[in-house]
Structure formats: C-alpha cells, structure tokens
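**Student:** Following this line is upload_19.cif, made up of mmCIF, C-alpha atoms:
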data_my_file
loop_
_atom_site.label_atom_id
_atom_site.label_comp_id
_atom_site.auth_asym_id
_atom_site.auth_seq_id
_atom_site.Cartn_x
_atom_site.Cartn_y
_atom_site.Cartn_z
CA GLU A 1 13.02 24.55 19.06
CA PRO A 2 9.40 24.80 20.23
CA GLU A 3 7.78 21.53 21.10
CA VAL A 4 4.45 19.87 21.66
CA THR A 5 4.39 17.84 24.84
CA GLN A 6 2.20 14.85 25.52
CA THR A 7 1.36 12.89 28.63
CA PRO A 8 1.39 10.09 29.49
CA SER A 9 4.05 8.63 27.27
CA HIS A 10 2.61 5.19 27.85
CA GLN A 11 -0.61 4.01 29.44
CA VAL A 12 -2.00 0.55 29.96
CA THR A 13 -5.72 0.37 30.60
CA GLN A 14 -8.38 -2.26 30.87
CA MET A 15 -11.01 -2.61 28.19
CA GLY A 16 -14.03 -0.48 28.98
CA GLN A 17 -12.12 2.08 31.01
CA GLU A 18 -11.95 5.77 30.20
CA VAL A 19 -8.65 7.28 29.14
CA ILE A 20 -7.60 10.90 28.84
CA LEU A 21 -4.55 11.77 26.80
CA ARG A 22 -3.12 15.20 27.32
CA CYS A 23 -1.26 17.53 25.05
CA VAL A 24 0.26 20.95 25.48
CA PRO A 25 0.51 22.50 22.01
CA ILE A 26 2.97 25.26 21.23
CA SER A 27 1.71 28.37 22.97
CA ASN A 28 0.86 30.63 20.04
CA HIS A 29 -0.47 27.92 17.80
CA LEU A 30 -4.05 27.96 16.60
CA TYR A 31 -4.77 24.62 14.98
CA PHE A 32 -4.57 21.37 16.90
CA TYR A 33 -4.85 17.79 15.80
CA TRP A 34 -5.01 14.28 17.11
CA TYR A 35 -3.69 11.42 15.02
CA ARG A 36 -3.27 7.79 15.83
CA GLN A 37 -1.00 5.06 14.52
CA ILE A 38 -1.73 1.43 15.16
CA LEU A 39 1.51 -0.54 15.33
CA GLY A 40 2.79 -1.24 11.85
CA GLN A 41 0.11 0.83 10.17
CA LYS A 42 -0.14 4.33 8.81
CA VAL A 43 -0.74 7.55 10.68
CA GLU A 44 -4.49 8.20 10.68
CA PHE A 45 -6.25 11.51 11.15
CA LEU A 46 -8.73 11.64 14.03
CA VAL A 47 -9.73 15.24 14.53
CA SER A 48 -8.73 18.85 14.05
CA PHE A 49 -9.63 21.66 16.42
CA TYR A 50 -9.70 25.38 15.79
CA ASN A 51 -11.19 28.30 17.64
CA ASN A 52 -12.39 26.07 20.44
CA GLU A 53 -14.36 23.72 18.31
CA ILE A 54 -13.90 20.68 16.14
CA SER A 55 -13.02 21.70 12.61
CA GLU A 56 -13.07 18.28 11.02
CA LYS A 57 -13.19 14.70 12.20
CA SER A 58 -12.70 11.34 10.60
CA GLU A 59 -15.04 8.38 10.67
CA ILE A 60 -12.78 6.84 13.29
CA PHE A 61 -13.68 9.69 15.65
CA ASP A 62 -17.04 8.37 16.78
CA ASP A 63 -19.05 9.04 19.94
CA GLN A 64 -16.49 7.19 21.98
CA PHE A 65 -14.03 10.04 21.42
CA SER A 66 -14.10 13.64 22.51
CA VAL A 67 -11.67 16.54 22.59
CA GLU A 68 -11.53 19.71 24.56
CA ARG A 69 -9.28 22.56 25.47
CA PRO A 70 -10.28 23.11 29.07
CA ASP A 71 -7.89 25.83 30.13
CA GLY A 72 -6.45 27.47 27.04
CA SER A 73 -3.26 25.48 27.13
CA ASN A 74 -4.03 21.79 27.41
CA PHE A 75 -5.68 19.93 24.57
CA THR A 76 -7.12 16.59 25.59
CA LEU A 77 -8.41 13.49 23.86
CA LYS A 78 -10.84 11.40 25.85
CA ILE A 79 -11.71 7.83 24.94
CA ARG A 80 -14.80 6.93 26.90
CA SER A 81 -14.90 3.17 26.87
CA THR A 82 -11.72 1.75 25.46
CA LYS A 83 -11.66 -1.25 23.17
CA LEU A 84 -8.79 -3.55 22.33
CA GLU A 85 -8.55 -2.00 18.88
CA ASP A 86 -7.89 1.42 20.42
CA SER A 87 -4.38 0.25 21.24
CA ALA A 88 -2.17 2.60 19.28
CA MET A 89 0.20 5.53 19.45
CA TYR A 90 -1.73 8.77 19.68
CA PHE A 91 -0.02 11.87 18.35
CA CYS A 92 -0.99 15.43 19.08
CA ALA A 93 0.07 18.11 16.62
CA SER A 94 -0.25 21.85 16.23
CA ILE A 95 0.39 24.54 13.65
CA GLY A 96 0.68 28.26 14.06
CA SER A 97 -0.94 29.94 11.16
CA VAL A 98 -4.15 29.32 9.29
CA GLN A 99 -3.38 32.02 6.75
CA SER A 100 -0.52 30.37 5.02
CA PHE A 101 0.19 26.72 5.27
CA SER A 102 3.15 26.64 2.99
CA GLY A 103 6.30 27.27 4.90
CA ASN A 104 4.68 26.53 8.24
CA THR A 105 5.67 23.50 10.16
CA ILE A 106 3.28 21.13 11.85
CA TYR A 107 4.81 20.07 15.10
CA PHE A 108 4.06 16.64 16.46
CA GLY A 109 4.34 15.57 20.05
CA GLU A 110 6.29 12.44 20.88
CA GLY A 111 3.09 10.47 21.23
CA SER A 112 1.19 8.60 23.89
CA TRP A 113 1.30 4.86 23.54
CA LEU A 114 -2.01 3.37 24.67
CA THR A 115 -2.31 -0.33 25.35
CA VAL A 116 -5.77 -1.71 26.04
CA VAL A 117 -5.86 -5.13 27.68
CA ARG B 1 -8.47 4.52 -4.56
CA LYS B 2 -6.51 5.50 -1.46
CA GLU B 3 -6.13 9.20 -0.81
CA VAL B 4 -2.35 8.94 -0.66
CA GLU B 5 -0.46 5.90 -1.93
CA GLN B 6 3.11 4.89 -1.44
CA ASP B 7 5.13 1.77 -2.10
CA PRO B 8 5.70 0.39 1.40
CA GLY B 9 9.10 -1.04 0.50
CA PRO B 10 11.40 -1.81 2.14
CA PHE B 11 14.03 -0.31 -0.09
CA ASN B 12 17.37 -1.87 0.78
CA VAL B 13 20.27 0.19 -0.51
CA PRO B 14 24.00 0.40 0.24
CA GLU B 15 25.57 3.50 1.67
CA GLY B 16 26.22 6.08 -1.00
CA ALA B 17 23.37 4.95 -3.22
CA THR B 18 20.73 7.19 -4.70
CA VAL B 19 17.16 6.20 -3.97
CA ALA B 20 13.84 7.64 -5.12
CA PHE B 21 10.39 7.36 -3.64
CA ASN B 22 7.12 8.21 -5.32
CA CYS B 23 3.74 9.03 -3.91
CA THR B 24 0.42 9.54 -5.65
CA TYR B 25 -2.61 11.37 -4.33
CA SER B 26 -6.22 11.18 -5.42
CA ASN B 27 -7.63 14.57 -4.48
CA SER B 28 -6.89 17.04 -7.24
CA ALA B 29 -7.82 19.88 -4.88
CA SER B 30 -4.89 19.06 -2.61
CA GLN B 31 -2.84 22.13 -1.94
CA SER B 32 0.16 21.43 0.21
CA PHE B 33 2.57 18.54 0.11
CA PHE B 34 5.24 17.33 2.46
CA TRP B 35 7.69 14.58 3.12
CA TYR B 36 7.98 13.48 6.73
CA ARG B 37 10.42 11.07 8.22
CA GLN B 38 9.44 8.65 10.97
CA ASP B 39 11.81 6.54 13.00
CA CYS B 40 10.53 3.42 14.70
CA ARG B 41 7.98 4.28 17.41
CA LYS B 42 8.74 7.97 17.15
CA GLU B 43 6.69 10.91 15.98
CA PRO B 44 6.74 12.04 12.34
CA LYS B 45 9.21 14.84 11.70
CA LEU B 46 9.08 17.21 8.78
CA LEU B 47 11.76 16.48 6.24
CA MET B 48 10.74 19.02 3.64
CA SER B 49 7.84 20.78 2.05
CA VAL B 50 7.27 20.13 -1.64
CA TYR B 51 6.82 23.08 -3.96
CA SER B 52 5.52 23.14 -7.52
CA SER B 53 8.88 24.26 -8.84
CA GLY B 54 10.68 21.47 -7.05
CA ASN B 55 13.06 22.06 -4.18
CA GLU B 56 16.30 20.75 -2.83
CA ASP B 57 17.74 20.57 0.64
CA GLY B 58 21.21 19.15 0.71
CA ARG B 59 21.04 15.53 -0.41
CA PHE B 60 17.26 15.60 -0.65
CA THR B 61 15.25 16.73 -3.67
CA ALA B 62 11.47 16.86 -3.82
CA GLN B 63 9.33 17.23 -6.91
CA LEU B 64 5.63 17.78 -7.43
CA ASN B 65 3.71 16.92 -10.58
CA ARG B 66 0.20 18.30 -10.21
CA ALA B 67 -0.97 17.10 -13.59
CA SER B 68 -0.17 13.50 -12.73
CA GLN B 69 -0.83 13.96 -9.04
CA TYR B 70 2.39 12.57 -7.77
CA ILE B 71 5.21 13.66 -5.53
CA SER B 72 8.72 12.31 -5.44
CA LEU B 73 11.65 12.34 -3.06
CA LEU B 74 15.20 11.69 -4.16
CA ILE B 75 17.93 10.95 -1.65
CA ARG B 76 21.49 11.11 -2.90
CA ASP B 77 24.55 9.65 -1.22
CA SER B 78 22.50 7.64 1.29
CA LYS B 79 23.76 7.48 4.86
CA LEU B 80 23.11 4.84 7.47
CA SER B 81 21.20 7.47 9.41
CA ASP B 82 18.74 7.84 6.53
CA SER B 83 17.22 4.49 7.49
CA ALA B 84 13.64 5.32 8.44
CA THR B 85 10.13 5.37 7.07
CA TYR B 86 9.38 8.25 4.71
CA LEU B 87 5.84 9.53 4.81
CA CYS B 88 4.15 11.40 2.02
CA VAL B 89 1.67 13.93 3.43
CA VAL B 90 -0.99 15.89 1.59
CA THR B 91 -3.42 18.55 2.76
CA SER B 92 -6.68 19.66 1.29
CA LEU B 93 -8.00 23.19 1.16
CA GLY B 94 -7.48 24.79 4.52
CA PHE B 95 -5.70 23.03 7.30
CA GLN B 96 -8.40 20.75 8.55
CA LYS B 97 -6.39 17.61 8.12
CA LEU B 98 -3.22 16.12 6.83
CA VAL B 99 -3.50 12.83 5.01
CA PHE B 100 -0.58 10.47 5.40
CA GLY B 101 0.54 7.78 3.07
CA THR B 102 1.44 4.41 4.51
CA GLY B 103 5.10 5.30 4.31
CA THR B 104 8.05 3.83 2.47
CA ARG B 105 10.65 2.08 4.56
CA LEU B 106 14.28 2.68 3.70
CA LEU B 107 17.12 0.53 4.98
CA VAL B 108 20.63 1.74 4.25
CA SER B 109 23.32 -0.84 4.85
CA PRO B 110 27.10 -0.48 5.19
#
Now, as a test, write the supplied structure out as structure tokens.
**Tutor:**
Amino acid sequence: EPEVTQTPSHQVTQMGQEVILRCVPISNHLYFYWYRQILGQKVEFLVSFYNNEISEKSEIFDDQFSVERPDGSNFTLKIRSTKLEDSAMYFCASIGSVQSFSGNTIYFGEGSWLTVV
Amino acid sequence: RKEVEQDPGPFNVPEGATVAFNCTYSNSASQSFFWYRQDCRKEPKLLMSVYSSGNEDGRFTAQLNRASQYISLLIRDSKLSDSATYLCVVTSLGFQKLVFGTGTRLLVSP
C-alpha cells in the first residue's frame, strides 16, 4: 500500500528554536495537508497545499508557520520560533485526485511528535 | 456550535456487543463524510466513507442523514481489536480541508 512518510518521528526542541518537519507524500498525489494533534485533543487542520501554493489555512497557521515543497517531492512544515504550546503530533496527509473526493483515500503519515521544552 | 461534534465516550462494551456512534455537523454545505479510526499515538486511518444511501463493510455500517446533519457508525459483534478512538470527518466543498470531530473512544472488554 502506498504510504506517506514523515521525518523525524520525534523531535525535542528548545522554546524559540526553529523546527522543520518533513513529509514525502505519495508520488502522484496533488493535495497535501498538515494537521496537528495536541495530546488528548482532536486532530486540527493547519493548512492545505495545492499546485505549489497554500489552498486554505486555519487560524492556528499564523506567521510562525510556513510550508513549502522545495523539490517536488518533499513537503515541509517550518515552525519559526517554537512555543511550549506547539508541542503536539504533526500529521502530514495527501490525496490523489481533486476531481472526485468520494472514493479517494486520504493517506496520513505516521506523524512527527514535537516536544518543546 | 462546533463544526463536527461527537460524544467523547468512552463507550465500554463487552466482546460481541453492538455499539453505535453518532456525529453531527454544522455546515450544511458539507459534501463528503468519513469515519476514521485512531489508535493511541498513531495516525488516523480510514475506516469507511459514508454515502447518502448508507453503506456496510463487514461488521461496520455507516449512515448519513443530510436533513438532520448527522452521521452514524454501527459496529456489530465487537472485537477486542475494535478498541480505539473513532473519528468523524467532514469535508466542505472542494478538498481544502477535512474537519475532524473530537473522536469517540471505544473500549471492548473480554
């Protein structure tokens, strides 16, 4: 089965440091997402990315966050100056078709667990 | 009102029981509906899509009521391995984002 891969699986960083989380979506997919889940809370949408630009972003996704697809395969989430409350599991996801959602599967990566200390 | 609401549970049931979860959504323009399963500290995994006519996959049955804006999931003959959190997921027009409910935790005991 195709899979979305994420690195690192776990990162500990000091408050104020920059973090880059990396994702390799499934190769022929077109839509990419970042979600986060604070421990014990629900999965929250951060941003969607299509055709090399942000399609939609949530209010959580402020100036501290950025995404890019630097080389056509990797899809990265950068957190510029981490805060304690950024500690969460960050999930990358991708989907193949934008023509028909029904019947398509959104594939999630295994997540990157970020701990800010 | 939350975009997607679920009873967080937990639902504690014995093996073999039938259990039902409901989910309500606030955006009447929502187009696609899914149930995902999430194990502790793992990624969400698609359990099933939810179609207007209702659909069944083995022990799992999903229903959609657009008029009342709710979705249901029925699990028959519960197994220990069904213990997980079940996430109701809704999309709006296009694929810009999925909206997740808080999830309903199911614990199946021997």
**Student:** Output as a tab-separated table (two decimals) with C-alpha atoms, keeping the file's coordinate frame the set of chain B residues within 12 Å of chain A, with distances taken over all atoms listed in the file.
**Tutor:**
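Once everything was written out, this is out-v9.tsv:
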chain	number	residue	atom	x	y	z
B	3	GLU	CA	-6.13	9.20	-0.81
B	4	VAL	CA	-2.35	8.94	-0.66
B	5	GLU	CA	-0.46	5.90	-1.93
B	6	GLN	CA	3.11	4.89	-1.44
B	8	PRO	CA	5.70	0.39	1.40
B	31	GLN	CA	-2.84	22.13	-1.94
B	32	SER	CA	0.16	21.43	0.21
B	33	PHE	CA	2.57	18.54	0.11
B	34	PHE	CA	5.24	17.33	2.46
B	35	TRP	CA	7.69	14.58	3.12
B	36	TYR	CA	7.98	13.48	6.73
B	37	ARG	CA	10.42	11.07	8.22
B	38	GLN	CA	9.44	8.65	10.97
B	39	ASP	CA	11.81	6.54	13.00
B	40	CYS	CA	10.53	3.42	14.70
B	41	ARG	CA	7.98	4.28	17.41
B	42	LYS	CA	8.74	7.97	17.15
B	43	GLU	CA	6.69	10.91	15.98
B	44	PRO	CA	6.74	12.04	12.34
B	45	LYS	CA	9.21	14.84	11.70
B	46	LEU	CA	9.08	17.21	8.78
B	47	LEU	CA	11.76	16.48	6.24
B	48	MET	CA	10.74	19.02	3.64
B	49	SER	CA	7.84	20.78	2.05
B	50	VAL	CA	7.27	20.13	-1.64
B	51	TYR	CA	6.82	23.08	-3.96
B	52	SER	CA	5.52	23.14	-7.52
B	85	THR	CA	10.13	5.37	7.07
B	86	TYR	CA	9.38	8.25	4.71
B	87	LEU	CA	5.84	9.53	4.81
B	88	CYS	CA	4.15	11.40	2.02
B	89	VAL	CA	1.67	13.93	3.43
B	90	VAL	CA	-0.99	15.89	1.59
B	91	THR	CA	-3.42	18.55	2.76
B	92	SER	CA	-6.68	19.66	1.29
B	93	LEU	CA	-8.00	23.19	1.16
B	94	GLY	CA	-7.48	24.79	4.52
B	95	PHE	CA	-5.70	23.03	7.30
B	96	GLN	CA	-8.40	20.75	8.55
B	97	LYS	CA	-6.39	17.61	8.12
B	98	LEU	CA	-3.22	16.12	6.83
B	99	VAL	CA	-3.50	12.83	5.01
B	100	PHE	CA	-0.58	10.47	5.40
B	101	GLY	CA	0.54	7.78	3.07
B	102	THR	CA	1.44	4.41	4.51
B	103	GLY	CA	5.10	5.30	4.31
B	104	THR	CA	8.05	3.83	2.47
B	105	ARG	CA	10.65	2.08	4.56
**Student:** Would you list the contacts of Ser28 of chain B as a PDB file with C-alpha atoms, keeping the file's coordinate frame, taking every protein, DNA or RNA residue within 9 Å and counting all atoms listed in the file, but skipping same-chain residues closer than 2 positions in sequence?
**Tutor:**
ATOM      1  CA  TYR B  25      -2.610  11.370  -4.330  1.00  0.00           C
ATOM      2  CA  SER B  26      -6.220  11.180  -5.420  1.00  0.00           C
ATOM      3  CA  SER B  30      -4.890  19.060  -2.610  1.00  0.00           C
ATOM      4  CA  GLN B  31      -2.840  22.130  -1.940  1.00  0.00           C
ATOM      5  CA  ARG B  66       0.200  18.300 -10.210  1.00  0.00           C
ATOM      6  CA  ALA B  67      -0.970  17.100 -13.590  1.00  0.00           C
ATOM      7  CA  GLN B  69      -0.830  13.960  -9.040  1.00  0.00           C
ATOM      8  CA  SER B  92      -6.680  19.660   1.290  1.00  0.00           C
TER       9      SER B  92
END
**Student:** So that I can check the surroundings of Gly16 of chain A, please list as a list of chain:residue names every protein, DNA and RNA residue that reaches within 8 Å of it, counting only C-alpha atoms and ignoring chain neighbours fewer than 4 positions away.
**Tutor:** A:Arg80, A:Ser81, A:Thr82, A:Lys83
**Student:** The residues within 12 Å of (27.5, -4.6, 5.4), using all atoms listed in the file and the coordinates of the file, should be reported as a PyMOL selection string; which are they?
**Tutor:** chain B and resi 12-15+80+107-110
**Student:** Can you tell me which residues surround Glu68 of chain A at a distance of at most 10 Å, considering all atoms listed in the file, apart from same-chain residues fewer than 4 positions away, and format the answer as a VMD selection string?
**Tutor:** chain A and resid 22 49 52 to 54 72 74 to 78
**Student:** Here's the selection I'm unsure about, the PyMOL selection byres ((chain B and resi 62) around 6); applied to the file above, which residues does it give, as a ChimeraX atom specification?
**Tutor:** /B:50,54-55,61,63,72-73
**Student:** One decimal, Å: what's the distance from atom CA of Phe61 of chain A over to atom CA of Arg36 of chain A, could you say?
**Tutor:**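 Straight-line distance from atom CA of Phe61 of chain A to atom CA of Arg36 of chain A works out to 10.6 Å.
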**Student:** How many Å lie between atom CA of Glu1 of chain A and atom CA of Ser83 of chain B, rounded to one decimal?
**Tutor:**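 Atom-to-atom, atom CA of Glu1 of chain A and atom CA of Ser83 of chain B are spaced 23.5 Å apart.
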**Student:** Using all atoms listed in the file for the distances, tell me which of A:Gln6, A:Ser66, A:Gln11, A:Ser94 is nearest to Cys23 of chain A.
**Tutor:**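 Using all atoms listed in the file, the shortest distance to Cys23 of chain A belongs to A:Gln6.
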**Student:** In Å to one decimal, how far is atom CA of Val116 of chain A from atom CA of Gln14 of chain A?
**Tutor:**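 Atom-to-atom, atom CA of Gln14 of chain A and atom CA of Val116 of chain A are spaced 5.5 Å apart.
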